[in-house]
Structure formats: structure tokens, C-alpha cells
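A.B. asks: Encoded as C-alpha cells, here's the structure I'll be asking about.
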Amino acid sequence: MNISFFNIAILLIPLFLLILGLIFFRVNLIKKSAASIGRMIIQLFLVGIYLEYIFKFNNWAVNFIYILLMITVASISTIDMVKLSYKKLIFPLFGSIFLSWTAVYTLYQFIILPDTNFFESRYIIPISGMLLGNVLKGQVIFLNNFLTQIKDGEDSYFYLLSMGATKFEALREFYRRSIIASLQPDLANMATIGLVALPGMMTGQILAGASPFTAIKYQISIMLAIFCIRGLSLFLTTFVINKVAFDGFNRLRRDVFR
Amino acid sequence: MIKLEKINLMLKQQSIFTNLNLHIKKNKKVLLRMPSGAGKSTLLKVIMGYIPMDSGRILIDGKVLGKDNVDTLRQKFAYIGQNIFFTEESVEKYIELIFSFEKNRKIKLSKSTLYELLEKFDLDESILKKSPALLSGGEKQRIALILVLLLDREILLLDEVTSGLDHDLKIRVIEIIKDLNKTVIISSHDNQWLDYDEFEVVGW
């Protein structure tokens with residue numbers, strides 16, 4: 001069932017009441033709420049408009065470029081949030097995310113959607129969006145955790161190096177901890193999924209008229225794919241970091257930071 | 001033999017070393033004695049190539065420390081920094097980890113030597129089963145020293161290794177180090193080192 005813009009506009013009335021409530025409690029969030037709501041509406045409108053066109057074209061090259069764009073944005077956002085140097089890390093991170101996406105989406109497409117075209121926009125764009133959004137979250141936690149640990153634990157790292165560890169042997173424990181930190185939220189998410197809120201993708205399918213059973217099958221498949229891509233992208237980023245973030249003396253390069 | 005030639009280093013716009021020269025002969029024991037913040041810990045890290053210097057050369061047994069030989073030259077050293085923590089779930093597992101490194105696999109971990117060293121450093125065998133997180137600072141320092149001695153490196157760089165120990169233990173550790181047949185560079189604020197002629201006091 002379609003929703004009319006008029007009905008959405010009517011939703012602004014309860015919103016106005018909420019704002020009165022905020023004023024009553026002297027909660028200083030009115031400007032921020034207005035800005036956030038405004039951004040949300042404009043951004044979704046834009047997404048709606050270009051997705052309409054992308055779906056209408058359904059051209060493999062356009063879709064592929066769109067995916068590359070998403071990967072670029074994911075890489076840039078990761079670098080931005082962890083405050084790293086764009087110059088040093090944009091290509092390595094792009095490579096790591098692109099490879100994980102290629103591996104996981106190809107598998108997903110062949111196993112779960114064998115009857116569809118690989119670049120069918122209706123599938124490749126939303127599913128890649130979910131995968132890449134999760135990769136972004138995972139990468140930010142991983143890199144933040146790893147780089148903080150190595151800065152704080154530099155003496156321990158140097159001790160291990162002097163005790164004969166190779167760079168990787170000395171870093172393994174740091175990597176191990178950061179991988180745990182990065183995967184933990186996803187594991188928690190899977191363990192509690194469906195208990196209270198239904199996951200977004202499943203909700204969408206049910207609203208669109210799919211049977212709940214179809215919806216959960218999609219949901220299970222996407223959750224597994226998300227776990228795979230989060231893990232795989234971490235392993236690849238580990239290799240990248242091992243190469244890019246240390247100099248010939250196995251010291252953490254200060255210029256990987258901004 | 002360690003030779004530092006004209007080392008210059010600025011950190012955070014502060015000059016730490018200007019044209020520092022230092023020559024340490026084989027099996028000499030040197031005590032770096034300078035006020036806090038003068039760069040004692042930094043110097044130990046510079047010698048191992050852990051901190052890049054602005055200019056100058058470091059020679060170890062006549063070879064200039066550089067990217068190509070840093071891995072080999074570091075194997076002559078053992079370094080104990082101030083803020084080390086051990087990983088793994090027990091001290092024993094951590095010792096096994098160190099001996100599982102590719103370069104150490106040939107070295108056999110002798111249990112009897114380990115127990116002897118534990119006794120020498122006044123540690124009970126039960127410490128091996130303890131979680132590293134539960135060790136006191138002094139216990140960690142002694143375990144780190146024991147590991148260094150087990151690996152039998154030629155040159156020891158020890159940064160405040162007696163700081164967490166009580167007076168008697170400080171003396172005990174200092175006496176063990178004084179009798180070692182190794183080159184040792186020590187950074188410490190403890191006065192007990194000064195009672196032994198084996199340690200040559202150095203400053204800049």
C-alpha cells in the first residue's frame with residue numbers, strides 16, 4: 001500500500017506537540033531536532049529520486065559505479081572517524097573493502113539468488129548497502145581499538161619484538177583483541193535479533209506483502225553474509241595495516257594519523 | 001660494543017639529545033643517571049631503533065643500525081620498558097608464547113633453569129599459574145628479567161627494572177645483574193646501584 005505525502009505531512013502535528021514538550025522540559029534540542037529531521041527528509045528524498053532512476057535503468061555499469069561509490073564513501077568515513085591520514089589509507093582500505101565485498105556478494109548472489117542477474121539493481125544495491133554499512137561499523141571499531149592499544153601498549157610491543165617476535169607475532173595479541181571488539185556487537189545483535197524489534201529488512205518485506213517465512217529466510221541469509229563480510233574485511237585490513245602502518249624498523253608510523 | 005655518534009633528537013619541539021656521543025664496551029655496565037624527562041628511556045629506545053632520531057649513527061658491534069639489519073641486530077638485545085603488560089591467561093602460557101616465536105624455537109626452555117631463576121628472584125613457582133593481570137609491578141619486572149635471562153641475549157637495556165621492588169629485593173636484583181657476563185645499560189632513579197663499582201655512571 002502506498003502512503004500519500006499528505007498523510008506524512010499530518011505526522012508533523014504530533015511532532016509539533018513533542019516540541020512543546022521539549023520547551024516545557026527546557027530540553028535544548030529543538031534546533032538540533034529540526035536540523036536532523038530536515039536532513040533525514042531531504043536525504044531520503046534524494047535517495048528515492050536517484051534509486052527510482054537507477055532501478056529504471058537497471059544498467060550493470062551504472063550499478064557497478066554506484067557500488068564503487070558506496071565503497072569509497074565507506075572507506076572515507078572509516079578514515080574520517082578514526083582520524084587517519086587520507087593519503088596513506090584511502091587506497092589500502094578501499095582495496096580491503098572492495099575485495100571483501102566482491103567475495104561475499106558473489107557467493108551470496110550465486111547461492112541465494114541464482115536465478116537473478118548479478119547486477120540486478122533491486123538486489124545488488126540494497127544488499128550491498130547493508131553489507132557495506134556493517135563493514136564500516138566493523139572497521140571503525142577495529143581500527144580505533146587496534147591503534148589505541150598499540151599506542152598505549154607500545155612498551156609491551158617493543159618488549160615482544162626484543163624477545164624475538166616478528167612484527168606479526170608481536171602484534172597478534174593486539175589484532176586478536178581488536179577483532180573480538182569489532183565482532184562482538186554483531187554477535188550480540190544476532191543473539192537477540194527478533195526478540196523485541198523485528199530487523200529492518202524483514203519488516204520491509206512483511207510490509208511489502210511477503211510471507212513472514214520468506215522474510216526470515218532473507219533475514220537469516222543476510223545476517224550470515226554480514227557476519228562473513230565483517231570478519232573477512234577485518235582479516236584483509238589486518239594485512240593492510242601490517243604493511244602500511246609500520247616502517248622499516250617495525251615502528252608504528254606517526255603519519256598514518258591525521 | 002655499542003657506539004652512539006652525534007645523536008640529535010627533538011621531541012615535541014624540545015631538544016632531547018644534541019650531538020650525543022656514547023661508547024659502551026663489551027660487557028660494560030652503564031647506569032644512566034639523569035633527572036626525569038632528560039631522555040633516559042628515550043635513549044634506550046633510540047639504541048634499539050624504536051624511536052627515529054633526527055641525525056646521528058648507532059653502531060652495534062661495528063655495524064650501523066639500519067632498516068636492513070635491524071631485525072638481526074635486535075636479536076642481540078633484550079629490552080624491558082616501563083609499561084609492559086603480559087598477554088595470555090597465565091605467566092606460564094606467556095613464557096611458552098615467547099619460546100614459540102620463530103626465532104626462539106631452536107632455544108630449549110629448560111624448566112630447571114626457570115625454577116632456579118624464580119628462586120633467585122624470590123618468586124614462588126605458583127606464580128607460573130597466575131594470570132598476568134594479577135601480577136604486581138615488581139613481579140612483572142622480575143618475570144620480564146627472567147625471560148630475558150632465559151633467552152641469553154648479549155646486551156640488556158633495562159628501564160627502571162627495580163622501581164617496583166622493596167629495598168631488599170632491589171639489592172638482590174642489582175647483585176644478579178652486576179654479576180652477569182653481558183653488556184647492560186640501565187636507566188634508574190634508585191640509589192642502590194651506586195653502591196657497586198661495576199656500574200659506570202653516565203649522563204649528558
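Following the order of the C-alpha cells, chains are lettered A, B, ..., residues in each are numbered from 1, and ligands are numbered from 1.
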Taking the chain letters and numbering used in this document, name the residues of stretch 86-119 of chain A that DSSP puts in helix (DSSP H, G or I), as an NGL selection string.
C.D. replies: :A and (86-112)
A.B. asks: Using only C-alpha atoms, which residues of chain B come within 7 Å of chain A, and what is the closest atom pair for each, with the distance in Å to one decimal? Give it as JSON lines, sorted by chain and residue number.
C.D. replies:
```
{"residue": "B:Gly49", "atom": "CA", "partner": "A:Phe249", "partner_atom": "CA", "distance": 6.5}
{"residue": "B:Tyr50", "atom": "CA", "partner": "A:Arg251", "partner_atom": "CA", "distance": 6.2}
{"residue": "B:Lys67", "atom": "CA", "partner": "A:Gly248", "partner_atom": "CA", "distance": 5.3}
{"residue": "B:Val70", "atom": "CA", "partner": "A:Phe249", "partner_atom": "CA", "distance": 6.5}
{"residue": "B:Arg74", "atom": "CA", "partner": "A:Ser162", "partner_atom": "CA", "distance": 6.1}
{"residue": "B:Gln75", "atom": "CA", "partner": "A:Gly164", "partner_atom": "CA", "distance": 6.2}
{"residue": "B:Phe77", "atom": "CA", "partner": "A:Ser162", "partner_atom": "CA", "distance": 6.3}
{"residue": "B:Ala78", "atom": "CA", "partner": "A:Ser162", "partner_atom": "CA", "distance": 5.2}
{"residue": "B:Tyr79", "atom": "CA", "partner": "A:Tyr159", "partner_atom": "CA", "distance": 5.8}
{"residue": "B:Ile80", "atom": "CA", "partner": "A:Tyr159", "partner_atom": "CA", "distance": 5.9}
{"residue": "B:Gly81", "atom": "CA", "partner": "A:Asp155", "partner_atom": "CA", "distance": 5.3}
{"residue": "B:Gln82", "atom": "CA", "partner": "A:Asp155", "partner_atom": "CA", "distance": 6.8}
{"residue": "B:Asn83", "atom": "CA", "partner": "A:Asp155", "partner_atom": "CA", "distance": 5.6}
{"residue": "B:Ile84", "atom": "CA", "partner": "A:Ser156", "partner_atom": "CA", "distance": 4.4}
{"residue": "B:Phe85", "atom": "CA", "partner": "A:Ser156", "partner_atom": "CA", "distance": 5.8}
{"residue": "B:Ile98", "atom": "CA", "partner": "A:Met163", "partner_atom": "CA", "distance": 6.9}
{"residue": "B:Phe101", "atom": "CA", "partner": "A:Ala165", "partner_atom": "CA", "distance": 5.6}
{"residue": "B:Lys103", "atom": "CA", "partner": "A:Gly164", "partner_atom": "CA", "distance": 5.8}
{"residue": "B:Asn104", "atom": "CA", "partner": "A:Gly164", "partner_atom": "CA", "distance": 6.5}
```
A.B. asks: Store the residues picked out above in a file with C-alpha atoms, as a PDB file, in the first residue's frame.
C.D. replies:
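Saved as again03.pdb:
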```pdb
ATOM      1  CA  GLY B  49      65.744   1.693  16.699  1.00  0.00           C
ATOM      2  CA  TYR B  50      62.322   2.035  18.319  1.00  0.00           C
ATOM      3  CA  LYS B  67      66.473  -0.961   8.092  1.00  0.00           C
ATOM      4  CA  VAL B  70      67.568  -4.047  12.411  1.00  0.00           C
ATOM      5  CA  ARG B  74      67.723  -6.513  17.678  1.00  0.00           C
ATOM      6  CA  GLN B  75      68.304 -10.186  18.391  1.00  0.00           C
ATOM      7  CA  PHE B  77      69.333  -7.116  22.651  1.00  0.00           C
ATOM      8  CA  ALA B  78      66.765  -7.576  25.282  1.00  0.00           C
ATOM      9  CA  TYR B  79      64.747  -4.546  26.240  1.00  0.00           C
ATOM     10  CA  ILE B  80      62.483  -4.115  29.240  1.00  0.00           C
ATOM     11  CA  GLY B  81      60.367  -0.974  29.116  1.00  0.00           C
ATOM     12  CA  GLN B  82      58.455   0.676  31.926  1.00  0.00           C
ATOM     13  CA  ASN B  83      54.884  -0.118  30.987  1.00  0.00           C
ATOM     14  CA  ILE B  84      54.901  -3.692  29.865  1.00  0.00           C
ATOM     15  CA  PHE B  85      51.925  -5.943  30.314  1.00  0.00           C
ATOM     16  CA  ILE B  98      57.858 -16.215  23.827  1.00  0.00           C
ATOM     17  CA  PHE B 101      58.368 -17.393  18.251  1.00  0.00           C
ATOM     18  CA  LYS B 103      63.441 -17.139  16.077  1.00  0.00           C
ATOM     19  CA  ASN B 104      63.294 -18.751  19.523  1.00  0.00           C
TER      20      ASN B 104
END
```
A.B. asks: By how many Å are atom CA of A:Tyr218 and atom CA of A:Leu93 apart?
C.D. replies: 28.6 Å
A.B. asks: Contacts of B:Ser136 at 12 Å or less, counting only C-alpha atoms, minus same-chain residues fewer than 2 places along, as a list in words?
C.D. replies: Ile84, Phe85, Phe86, Leu123, Ile127, Lys130, Ser131, Pro132, Ala133, Leu134, Gly138, Glu139, Lys140, Gln141, Arg142, Ile143, Ser163, Gly164 and Leu165 of chain B
A.B. asks: What gap, in Å, lies between atom CA of A:Ala188 and atom CA of A:Met70?
C.D. replies: 25.9 Å
A.B. asks: Just the number, please: distance in Å from atom CA of B:Leu147 to atom CA of B:Asp179, one decimal.
C.D. replies: 17.1 Å
A.B. asks: With distances taken over only C-alpha atoms, which of B:Lys29, B:Lys76, B:Tyr115, B:Ile7 is nearest to B:Arg153?
C.D. replies: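 Under the stated criterion, the closest residue is B:Lys76.
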A.B. asks: Report as a list in words all protein, DNA and RNA residues lying within 7 Å of stretch 8-15 of chain B, evaluated on only C-alpha atoms, omitting residues in the same chain fewer than 5 positions from it.
C.D. replies: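 Once the adjacent positions are removed, what remains is Leu20, Met53, Asp54, Ser55 and Gly56 of chain B.
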A.B. asks: If you run DSSP on the backbone here, which positions in stretch 26-125 of chain B get strand (DSSP E)? Please write them as JSON, numbers by chain.
C.D. replies: {"B": [29, 30, 31, 32, 55, 56, 57, 58, 59, 60, 63, 64, 77, 78, 79, 80]}
A.B. asks: With only C-alpha atoms as the atoms that count, which of A:Ala245, A:Ala34, A:Leu183, A:Ala61 lies nearest to A:Leu232?
C.D. replies: A:Leu183
A.B. asks: Leaving out A:Asn189 and any residue of its chain fewer than 5 positions from it, which residues lie within 12 Å of it when counting only C-alpha atoms, given as a list in words?
C.D. replies: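 Close residues of A:Asn189: Asn134, Leu183, Gln184, Gly194, Leu195, Val196, Ala197, Leu198, Pro199, Met223, Leu224, Ile226 and Phe227 of chain A.
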A.B. asks: Restricting it to C-alpha atoms, dump the selection as an mmCIF file, in the first residue's frame.
C.D. replies:
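Once written, out.cif looks like this:
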```cif
data_model
loop_
_atom_site.group_PDB
_atom_site.id
_atom_site.type_symbol
_atom_site.label_atom_id
_atom_site.label_comp_id
_atom_site.auth_asym_id
_atom_site.auth_seq_id
_atom_site.Cartn_x
_atom_site.Cartn_y
_atom_site.Cartn_z
ATOM 1 C CA ASN A 134 28.191 -3.150 8.505
ATOM 2 C CA LEU A 183 32.827 -8.661 16.005
ATOM 3 C CA GLN A 184 31.263 -8.574 19.462
ATOM 4 C CA GLY A 194 13.778 -10.654 16.708
ATOM 5 C CA LEU A 195 13.218 -10.750 20.470
ATOM 6 C CA VAL A 196 11.918 -7.202 20.609
ATOM 7 C CA ALA A 197 12.249 -5.286 17.368
ATOM 8 C CA LEU A 198 11.990 -7.075 14.055
ATOM 9 C CA PRO A 199 15.010 -6.401 11.853
ATOM 10 C CA MET A 223 22.814 -11.890 8.781
ATOM 11 C CA LEU A 224 25.199 -14.672 7.793
ATOM 12 C CA ILE A 226 27.051 -9.646 7.231
ATOM 13 C CA PHE A 227 28.997 -11.750 9.713
#
```
A.B. asks: Residues near B:Leu128, anyone? I mean within 8 Å using only C-alpha atoms, not counting same-chain ones fewer than 4 positions away, as a VMD selection string.
C.D. replies: chain B and resid 90 to 92
A.B. asks: How about saving the chosen residues, C-alpha atoms kept, as a compact mmCIF listing (two decimals), in the first residue's frame?
C.D. replies:
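Wrote selection-v4.txt, looks like this:
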```txt
# COMPACT_ATOMS: atom_id res chain seq x y z
CA SER B 90 48.87 -17.33 32.71
CA VAL B 91 52.52 -16.46 33.18
CA GLU B 92 53.44 -19.97 32.08
```
A.B. asks: Residues within 6 Å of B:Asn21, please, as a ChimeraX atom specification. Count only C-alpha atoms; anything in the same chain fewer than 2 positions from it doesn't count.
C.D. replies: /B:4-6
A.B. asks: Can those selected residues be exported to a file as a PDB file, in the first residue's frame so that it contains all heavy atoms?
C.D. replies:
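Saved to result-v4.pdb:
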```
ATOM      1  N   LEU B   4      77.391   5.332  20.003  1.00  0.00           N
ATOM      2  CA  LEU B   4      76.444   6.338  19.522  1.00  0.00           C
ATOM      3  C   LEU B   4      77.254   7.518  19.007  1.00  0.00           C
ATOM      4  O   LEU B   4      78.155   7.994  19.696  1.00  0.00           O
ATOM      5  CB  LEU B   4      75.535   6.814  20.649  1.00  0.00           C
ATOM      6  CG  LEU B   4      74.764   5.760  21.441  1.00  0.00           C
ATOM      7  CD1 LEU B   4      73.816   6.423  22.416  1.00  0.00           C
ATOM      8  CD2 LEU B   4      74.009   4.836  20.522  1.00  0.00           C
ATOM      9  N   GLU B   5      76.974   7.948  17.797  1.00  0.00           N
ATOM     10  CA  GLU B   5      77.730   9.053  17.216  1.00  0.00           C
ATOM     11  C   GLU B   5      76.819  10.223  16.869  1.00  0.00           C
ATOM     12  O   GLU B   5      75.936  10.096  16.038  1.00  0.00           O
ATOM     13  CB  GLU B   5      78.444   8.583  15.931  1.00  0.00           C
ATOM     14  CG  GLU B   5      79.567   7.607  16.196  1.00  0.00           C
ATOM     15  CD  GLU B   5      80.255   7.182  14.910  1.00  0.00           C
ATOM     16  OE1 GLU B   5      79.766   7.553  13.816  1.00  0.00           O
ATOM     17  OE2 GLU B   5      81.253   6.481  15.003  1.00  0.00           O
ATOM     18  N   LYS B   6      77.066  11.331  17.531  1.00  0.00           N
ATOM     19  CA  LYS B   6      76.383  12.594  17.225  1.00  0.00           C
ATOM     20  C   LYS B   6      74.872  12.433  17.072  1.00  0.00           C
ATOM     21  O   LYS B   6      74.292  12.790  16.043  1.00  0.00           O
ATOM     22  CB  LYS B   6      76.954  13.208  15.944  1.00  0.00           C
ATOM     23  CG  LYS B   6      78.380  13.661  16.125  1.00  0.00           C
ATOM     24  CD  LYS B   6      78.811  14.453  14.921  1.00  0.00           C
ATOM     25  CE  LYS B   6      80.248  14.942  15.109  1.00  0.00           C
ATOM     26  NZ  LYS B   6      80.838  15.392  13.876  1.00  0.00           N
TER      27      LYS B   6
END
```
